[in-house]
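Text of work31.cif (mmCIF, C-alpha atoms) as supplied:
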data_data
#
loop_
_atom_site.group_PDB
_atom_site.id
_atom_site.type_symbol
_atom_site.label_atom_id
_atom_site.label_comp_id
_atom_site.auth_asym_id
_atom_site.auth_seq_id
_atom_site.Cartn_x
_atom_site.Cartn_y
_atom_site.Cartn_z
ATOM 1 C CA MET A 16 59.087 39.494 76.235
ATOM 2 C CA ASP A 17 58.105 43.150 75.851
ATOM 3 C CA ALA A 18 61.371 45.090 76.050
ATOM 4 C CA SER A 19 59.535 48.331 76.757
ATOM 5 C CA ARG A 20 58.098 47.004 80.049
ATOM 6 C CA THR A 21 61.398 45.787 81.451
ATOM 7 C CA ASP A 22 64.059 48.177 80.191
ATOM 8 C CA ALA A 23 62.540 51.644 79.790
ATOM 9 C CA ALA A 24 62.655 52.764 83.432
ATOM 10 C CA PHE A 25 65.702 54.899 82.603
ATOM 11 C CA LEU A 26 63.370 57.223 80.666
ATOM 12 C CA ASP A 27 62.268 58.625 84.044
ATOM 13 C CA ILE A 28 65.631 60.405 84.127
ATOM 14 C CA VAL A 29 64.727 62.141 80.867
ATOM 15 C CA ARG A 30 61.246 63.041 82.113
ATOM 16 C CA GLN A 31 62.742 64.693 85.187
ATOM 17 C CA ALA A 32 65.384 66.557 83.141
ATOM 18 C CA VAL A 33 62.868 67.776 80.512
ATOM 19 C CA PRO A 34 59.614 68.096 82.485
ATOM 20 C CA GLY A 35 57.576 69.567 79.637
ATOM 21 C CA ALA A 36 58.326 66.749 77.186
ATOM 22 C CA ALA A 37 55.685 64.195 76.238
ATOM 23 C CA ILE A 38 57.683 60.954 76.436
ATOM 24 C CA ASP A 39 55.706 57.759 75.952
ATOM 25 C CA VAL A 40 56.962 54.187 76.063
ATOM 26 C CA VAL A 41 56.215 52.354 72.803
ATOM 27 C CA PRO A 42 55.625 48.567 72.788
ATOM 28 C CA SER A 43 58.675 46.795 71.364
ATOM 29 C CA ILE A 44 60.022 43.248 71.239
ATOM 30 C CA ASP A 45 63.682 43.957 70.468
ATOM 31 C CA MET A 46 64.779 47.055 72.407
ATOM 32 C CA PRO A 47 63.364 49.828 74.591
ATOM 33 C CA ALA A 48 61.369 52.265 72.473
ATOM 34 C CA ALA A 49 59.817 55.644 73.176
ATOM 35 C CA SER A 50 58.154 58.505 71.367
ATOM 36 C CA VAL A 51 58.687 62.197 72.024
ATOM 37 C CA ASP A 52 56.970 65.341 70.821
ATOM 38 C CA ARG A 53 58.851 67.313 68.140
ATOM 39 C CA ASN A 54 59.113 70.492 70.244
ATOM 40 C CA HIS A 55 61.226 68.769 72.908
ATOM 41 C CA LEU A 56 63.198 66.448 70.631
ATOM 42 C CA VAL A 57 66.541 68.264 70.847
ATOM 43 C CA ALA A 58 66.376 68.742 74.617
ATOM 44 C CA VAL A 59 65.503 65.063 75.123
ATOM 45 C CA CYS A 60 68.300 63.945 72.795
ATOM 46 C CA ASP A 61 70.791 66.163 74.606
ATOM 47 C CA VAL A 62 69.876 64.533 77.949
ATOM 48 C CA LEU A 63 70.062 61.055 76.417
ATOM 49 C CA ARG A 64 73.555 61.775 75.141
ATOM 50 C CA THR A 65 75.089 63.702 78.047
ATOM 51 C CA HIS A 66 73.461 62.449 81.272
ATOM 52 C CA PRO A 67 76.057 60.311 83.117
ATOM 53 C CA ASP A 68 73.507 57.544 83.777
ATOM 54 C CA LEU A 69 72.393 57.366 80.131
ATOM 55 C CA ARG A 70 75.283 58.208 77.765
ATOM 56 C CA PHE A 71 73.590 57.365 74.444
ATOM 57 C CA GLU A 72 76.611 58.742 72.618
ATOM 58 C CA LEU A 73 76.196 56.677 69.452
ATOM 59 C CA LEU A 74 73.535 57.612 66.913
ATOM 60 C CA LEU A 75 73.344 54.541 64.696
ATOM 61 C CA ASP A 76 70.820 55.821 62.167
ATOM 62 C CA VAL A 77 68.014 58.218 61.399
ATOM 63 C CA THR A 78 65.254 56.962 59.149
ATOM 64 C CA ALA A 79 61.550 57.516 58.539
ATOM 65 C CA VAL A 80 58.289 55.705 57.886
ATOM 66 C CA ASP A 81 55.414 56.919 55.717
ATOM 67 C CA ARG A 82 52.212 55.553 57.289
ATOM 68 C CA LEU A 83 49.818 56.926 54.655
ATOM 69 C CA PRO A 84 46.786 56.937 55.004
ATOM 70 C CA ALA A 85 47.260 56.940 58.795
ATOM 71 C CA SER A 86 47.483 60.175 60.737
ATOM 72 C CA PRO A 87 49.950 61.390 61.798
ATOM 73 C CA ARG A 88 51.465 60.356 58.494
ATOM 74 C CA TYR A 89 55.211 60.304 59.157
ATOM 75 C CA GLU A 90 57.376 58.831 61.864
ATOM 76 C CA ILE A 91 61.043 59.780 62.274
ATOM 77 C CA VAL A 92 63.078 56.984 63.859
ATOM 78 C CA TYR A 93 66.353 57.525 65.761
ATOM 79 C CA LEU A 94 68.375 54.421 66.666
ATOM 80 C CA LEU A 95 70.650 55.081 69.655
ATOM 81 C CA ALA A 96 73.196 53.061 71.615
ATOM 82 C CA CYS A 97 75.067 53.400 74.879
ATOM 83 C CA LEU A 98 78.322 51.461 74.673
ATOM 84 C CA GLY A 99 78.524 50.827 78.392
ATOM 85 C CA ALA A 100 81.558 50.669 80.664
ATOM 86 C CA ALA A 101 83.988 51.781 77.963
ATOM 87 C CA PHE A 102 82.468 55.276 78.092
ATOM 88 C CA GLY A 103 81.351 55.695 81.699
ATOM 89 C CA SER A 104 79.119 54.128 84.306
ATOM 90 C CA ALA A 105 75.952 53.840 82.190
ATOM 91 C CA PRO A 106 75.101 50.262 81.166
ATOM 92 C CA ALA A 107 75.240 49.173 77.539
ATOM 93 C CA ARG A 108 71.804 49.350 75.918
ATOM 94 C CA ARG A 109 69.907 50.502 72.853
ATOM 95 C CA LEU A 110 66.940 52.816 72.340
ATOM 96 C CA ARG A 111 64.556 53.476 69.484
ATOM 97 C CA LEU A 112 63.257 57.054 69.716
ATOM 98 C CA THR A 113 60.453 58.193 67.424
ATOM 99 C CA VAL A 114 58.729 61.462 66.533
ATOM 100 C CA ARG A 115 55.403 61.544 64.706
ATOM 101 C CA LEU A 116 54.638 64.277 62.189
ATOM 102 C CA ASP A 117 51.482 65.350 60.392
ATOM 103 C CA ALA A 118 51.550 65.509 56.597
ATOM 104 C CA ASP A 119 50.947 69.275 56.560
ATOM 105 C CA SER A 120 53.747 69.992 59.054
ATOM 106 C CA ALA A 121 56.423 67.474 58.099
ATOM 107 C CA SER A 122 59.361 69.165 59.776
ATOM 108 C CA VAL A 123 61.419 68.470 62.867
ATOM 109 C CA PRO A 124 64.468 70.157 64.452
ATOM 110 C CA THR A 125 67.831 68.748 63.422
ATOM 111 C CA VAL A 126 69.744 66.729 66.004
ATOM 112 C CA SER A 127 73.046 67.237 64.166
ATOM 113 C CA GLY A 128 74.090 69.593 66.973
ATOM 114 C CA VAL A 129 73.763 66.711 69.439
ATOM 115 C CA TRP A 130 75.163 63.964 67.209
ATOM 116 C CA PRO A 131 77.134 65.286 64.188
ATOM 117 C CA SER A 132 76.603 61.892 62.519
ATOM 118 C CA ALA A 133 72.936 62.858 62.033
ATOM 119 C CA ASN A 134 73.934 65.273 59.269
ATOM 120 C CA TRP A 135 73.954 62.920 56.293
ATOM 121 C CA ALA A 136 71.245 60.613 57.662
ATOM 122 C CA GLU A 137 68.876 63.587 57.939
ATOM 123 C CA ARG A 138 69.793 64.609 54.399
ATOM 124 C CA GLU A 139 68.830 61.126 53.204
ATOM 125 C CA VAL A 140 65.450 61.314 54.967
ATOM 126 C CA PHE A 141 64.890 64.760 53.452
ATOM 127 C CA ASP A 142 65.828 63.486 49.995
ATOM 128 C CA LEU A 143 63.632 60.377 50.037
ATOM 129 C CA PHE A 144 60.669 61.520 52.186
ATOM 130 C CA GLY A 145 60.704 65.322 51.827
ATOM 131 C CA ILE A 146 60.770 65.874 55.592
ATOM 132 C CA GLN A 147 62.430 69.141 56.603
ATOM 133 C CA PHE A 148 65.049 69.305 59.361
ATOM 134 C CA GLU A 149 64.985 72.797 60.836
ATOM 135 C CA GLY A 150 68.410 74.273 61.512
ATOM 136 C CA HIS A 151 70.280 71.671 59.457
ATOM 137 C CA PRO A 152 73.595 73.135 58.248
ATOM 138 C CA ASP A 153 73.381 71.781 54.676
ATOM 139 C CA LEU A 154 69.967 70.304 53.890
ATOM 140 C CA ARG A 155 70.066 69.172 50.261
ATOM 141 C CA ARG A 156 69.652 65.981 48.302
ATOM 142 C CA VAL A 157 72.242 63.283 48.847
ATOM 143 C CA LEU A 158 71.004 60.330 46.741
ATOM 144 C CA MET A 159 68.771 61.760 44.010
ATOM 145 C CA PRO A 160 69.962 64.383 41.465
ATOM 146 C CA ASP A 161 69.501 67.989 42.567
ATOM 147 C CA ASP A 162 66.821 68.572 39.915
ATOM 148 C CA TRP A 163 64.778 65.468 40.823
ATOM 149 C CA GLU A 164 61.099 66.111 41.445
ATOM 150 C CA GLY A 165 59.371 64.420 44.356
ATOM 151 C CA HIS A 166 60.507 62.079 47.089
ATOM 152 C CA PRO A 167 60.715 58.391 46.091
ATOM 153 C CA LEU A 168 59.934 56.733 49.456
ATOM 154 C CA ARG A 169 56.627 58.513 49.938
ATOM 155 C CA LYS A 170 53.744 56.094 49.512
ATOM 156 C CA ASP A 171 52.009 58.410 47.059
ATOM 157 C CA TYR A 172 55.081 58.669 44.811
ATOM 158 C CA PRO A 173 54.413 57.301 41.282
ATOM 159 C CA VAL A 174 55.678 53.735 40.914
ATOM 160 C CA GLN A 175 56.621 54.139 37.268
ATOM 161 C CA ILE A 176 58.387 57.322 36.272
ATOM 162 C CA ARG A 177 60.487 58.314 33.310
ATOM 163 C CA LYS A 178 62.976 61.116 33.694
ATOM 164 C CA ASP A 179 65.700 62.252 31.362
ATOM 165 C CA THR A 180 69.016 63.136 32.889
ATOM 166 C CA ALA A 181 69.282 66.923 33.039
ATOM 167 C CA SER A 182 73.018 67.008 33.423
ATOM 168 C CA TRP A 183 75.953 64.693 32.940
ATOM 169 C CA SER A 184 79.357 64.549 34.527
ATOM 170 C CA PRO A 185 82.082 61.911 34.382
ATOM 171 C CA ILE A 186 82.163 59.426 37.237
ATOM 172 C CA GLN A 187 85.917 58.916 37.010
ATOM 173 C CA LEU A 188 88.519 61.629 37.548
ATOM 174 C CA THR A 189 91.994 61.678 36.140
ATOM 175 C CA GLU A 190 94.862 61.614 38.610
ATOM 176 C CA GLU A 191 95.543 65.292 37.854
ATOM 177 C CA GLN A 192 91.895 66.258 38.479
ATOM 178 C CA PHE A 193 91.817 64.343 41.765
ATOM 179 C CA THR A 194 95.073 65.972 42.908
ATOM 180 C CA ALA A 195 93.790 69.425 41.965
ATOM 181 C CA ASN A 196 90.531 68.822 43.854
ATOM 182 C CA MET A 197 92.396 67.644 46.961
ATOM 183 C CA ARG A 198 94.731 70.641 46.858
ATOM 184 C CA ALA A 199 91.804 73.056 46.491
ATOM 185 C CA ALA A 200 89.928 71.377 49.360
ATOM 186 C CA ARG A 201 92.997 71.546 51.605
ATOM 187 C CA GLU A 202 93.518 75.234 50.822
ATOM 188 C CA HIS A 203 89.844 75.960 51.482
ATOM 189 C CA ALA A 204 90.005 74.148 54.852
ATOM 190 C CA THR A 205 93.168 76.037 55.801
ATOM 191 C CA ARG A 206 91.548 79.387 54.951
ATOM 192 C CA ALA A 207 88.423 78.457 56.930
ATOM 193 C CA ALA A 208 90.488 77.437 59.976
ATOM 194 C CA ARG A 209 92.461 80.687 59.856
ATOM 195 C CA SER A 210 89.247 82.650 59.547
ATOM 196 C CA ILE A 211 87.809 80.934 62.638
ATOM 197 C CA ARG A 212 91.001 81.697 64.589
ATOM 198 C CA GLY A 213 90.976 85.296 63.351
ATOM 199 C CA GLU A 214 94.277 84.970 61.524
ATOM 200 C CA LYS A 215 95.102 86.924 58.396
ATOM 201 C CA GLN A 216 94.817 85.087 55.100
#

Please render this file's structure as structure tokens.
Amino acid sequence: MDASRTDAAFLDIVRQAVPGAAIDVVPSIDMPAASVDRNHLVAVCDVLRTHPDLRFELLLDVTAVDRLPASPRYEIVYLLACLGAAFGSAPARRLRLTVRLDADSASVPTVSGVWPSANWAEREVFDLFGIQFEGHPDLRRVLMPDDWEGHPLRKDYPVQIRKDTASWSPIQLTEEQFTANMRAAREHATRAARSIRGEKQ
């Protein structure tokens, strides 16, 4: 059975809330799926998360697909879930939301302001596909070394590559080093909290 035909009627709520958005149902066999244009992504995601009849409050993952040589080349995939009665009146359900991007404009607004859990998932997509997330608070590599060249999950990435390690650091910390790091992190967090509240250091 085509899940998109039977379960995607709730997307009409999103279309009414964001009238300028291009929201299209995508054929799917496992869950409702839809695509949205990049310019309205954040507004659509905000409605999906906050509307009382939708309540997609759980962002399960953000990933990407390189469809080279197809155009548009990239597809960003957001996997969402509404947990149902435990969090309001909206029924439990899932949604796959996608955004397609051309190779020469591979960037999309971050949704980390809607779902904070998108932060590291977007960093992973950036690291492995080279797709930019506009407005991301800390967009840097998360899997590959900082000095790594290229993005390994692109289809045009060389299969065989040799690269010397540019830097080395121990994997294990001594108990004293770990304690010192934790103390420094705690002090930094305390200073940041006081700064936000306008308190003197």

Could you give me, as a count of residues only, the residues within 9 Å of Arg70 of chain A, counting only C-alpha atoms and dropping anything in the same chain fewer than 2 positions from it?
18

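Note that atom CA of Asn54 of chain A and atom CA of Gly128 of chain A are 15.4 Å apart.
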
Excluding Val57 of chain A and residues on its chain fewer than 6 positions from it, collect all residues at most 9 Å away from it, counting only C-alpha atoms, and give them as a ChimeraX atom specification.
/A:124-126,128-129

Enumerate, as number ranges by chain, the residues matched when the PyMOL selection byres ((chain A and resi 132) around 9) is run on the file above.
A: 73-76, 127, 129-131, 133-136

Selected residues, C-alpha atoms, written as a PDB file, keeping the file's coordinate frame, please.
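Dumped everything to result29.pdb:
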ATOM      1  CA  LEU A  73      76.196  56.677  69.452  1.00  0.00           C
ATOM      2  CA  LEU A  74      73.535  57.612  66.913  1.00  0.00           C
ATOM      3  CA  LEU A  75      73.344  54.541  64.696  1.00  0.00           C
ATOM      4  CA  ASP A  76      70.820  55.821  62.167  1.00  0.00           C
ATOM      5  CA  SER A 127      73.046  67.237  64.166  1.00  0.00           C
ATOM      6  CA  VAL A 129      73.763  66.711  69.439  1.00  0.00           C
ATOM      7  CA  TRP A 130      75.163  63.964  67.209  1.00  0.00           C
ATOM      8  CA  PRO A 131      77.134  65.286  64.188  1.00  0.00           C
ATOM      9  CA  ALA A 133      72.936  62.858  62.033  1.00  0.00           C
ATOM     10  CA  ASN A 134      73.934  65.273  59.269  1.00  0.00           C
ATOM     11  CA  TRP A 135      73.954  62.920  56.293  1.00  0.00           C
ATOM     12  CA  ALA A 136      71.245  60.613  57.662  1.00  0.00           C
TER      13      ALA A 136
END

As a check of understanding, name the residues that the PyMOL selection byres ((chain A and resi 139) around 10) selects in the supplied structure, as number ranges by chain.
A: 77-79, 133-138, 140-146, 154-159

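Of the residues listed (A:Ala32, A:Val174, A:Asp153, A:Ala101), A:Ala32 shows the shortest atom-to-atom separation from His55 of chain A; distances use only C-alpha atoms.
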
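What the PyMOL selection byres ((chain A and resi 29) around 10) grabs from this file is Ala24, Phe25, Leu26, Asp27, Ile28, Arg30, Gln31, Ala32, Val33, Pro34, Ala36, Ile38, Ala58, Val59, Cys60, Asp61, Val62, Leu63, His66 and Leu69 of chain A.
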
For Ala121 of chain A, find every residue with an atom within 9 Å (counting only C-alpha atoms), except residues of its own chain fewer than 5 positions away, and show them as a PyMOL selection string.
chain A and resi 88-89+115-116+145-148

Let's have the selection written as a PDB file, in the coordinates of the input, with C-alpha atoms.
ATOM      1  CA  ARG A  88      51.465  60.356  58.494  1.00  0.00           C
ATOM      2  CA  TYR A  89      55.211  60.304  59.157  1.00  0.00           C
ATOM      3  CA  ARG A 115      55.403  61.544  64.706  1.00  0.00           C
ATOM      4  CA  LEU A 116      54.638  64.277  62.189  1.00  0.00           C
ATOM      5  CA  GLY A 145      60.704  65.322  51.827  1.00  0.00           C
ATOM      6  CA  ILE A 146      60.770  65.874  55.592  1.00  0.00           C
ATOM      7  CA  GLN A 147      62.430  69.141  56.603  1.00  0.00           C
ATOM      8  CA  PHE A 148      65.049  69.305  59.361  1.00  0.00           C
TER       9      PHE A 148
END

Tell me which protein, DNA and RNA residues are within 7 Å of segment 39-41 of chain A, counting all atoms listed in the file, leaving out same-chain ones fewer than 3 positions away, and put them as number ranges by chain.
A: 19, 48-51

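Going from atom CA of Ser43 of chain A to atom CA of Leu110 of chain A covers 10.3 Å.
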
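Using all atoms listed in the file for every distance, the candidate list A:Pro152, A:Arg109, A:Val123, A:Asn196 yields A:Val123 as the residue closest to Arg53 of chain A.
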
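Counting all atoms listed in the file, the residue from A:Ala23, A:Gln175, A:Lys170, A:Ser120 that sits nearest to Arg108 of chain A is A:Ala23.
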
Straight-line distance linking atom CA of Leu56 of chain A with atom CA of Thr113 of chain A, stated in Å to one decimal:
9.3 Å

Enclose the full set of atoms of segment 200-214 of chain A listed in the file within a box whose edges lie along x, y and z, apply 5 Å of padding to each of the six sides, and report centre and edge lengths in Å to one decimal as lines of an AutoDock Vina configuration file.
center_x = 91.0
center_y = 78.3
center_z = 57.0
size_x = 16.5
size_y = 23.9
size_z = 25.2

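Comparing A:Leu83, A:Arg111, A:Val92, A:Pro160 by their smallest distance to Met46 of chain A, the closest is A:Arg111 (using only C-alpha atoms).
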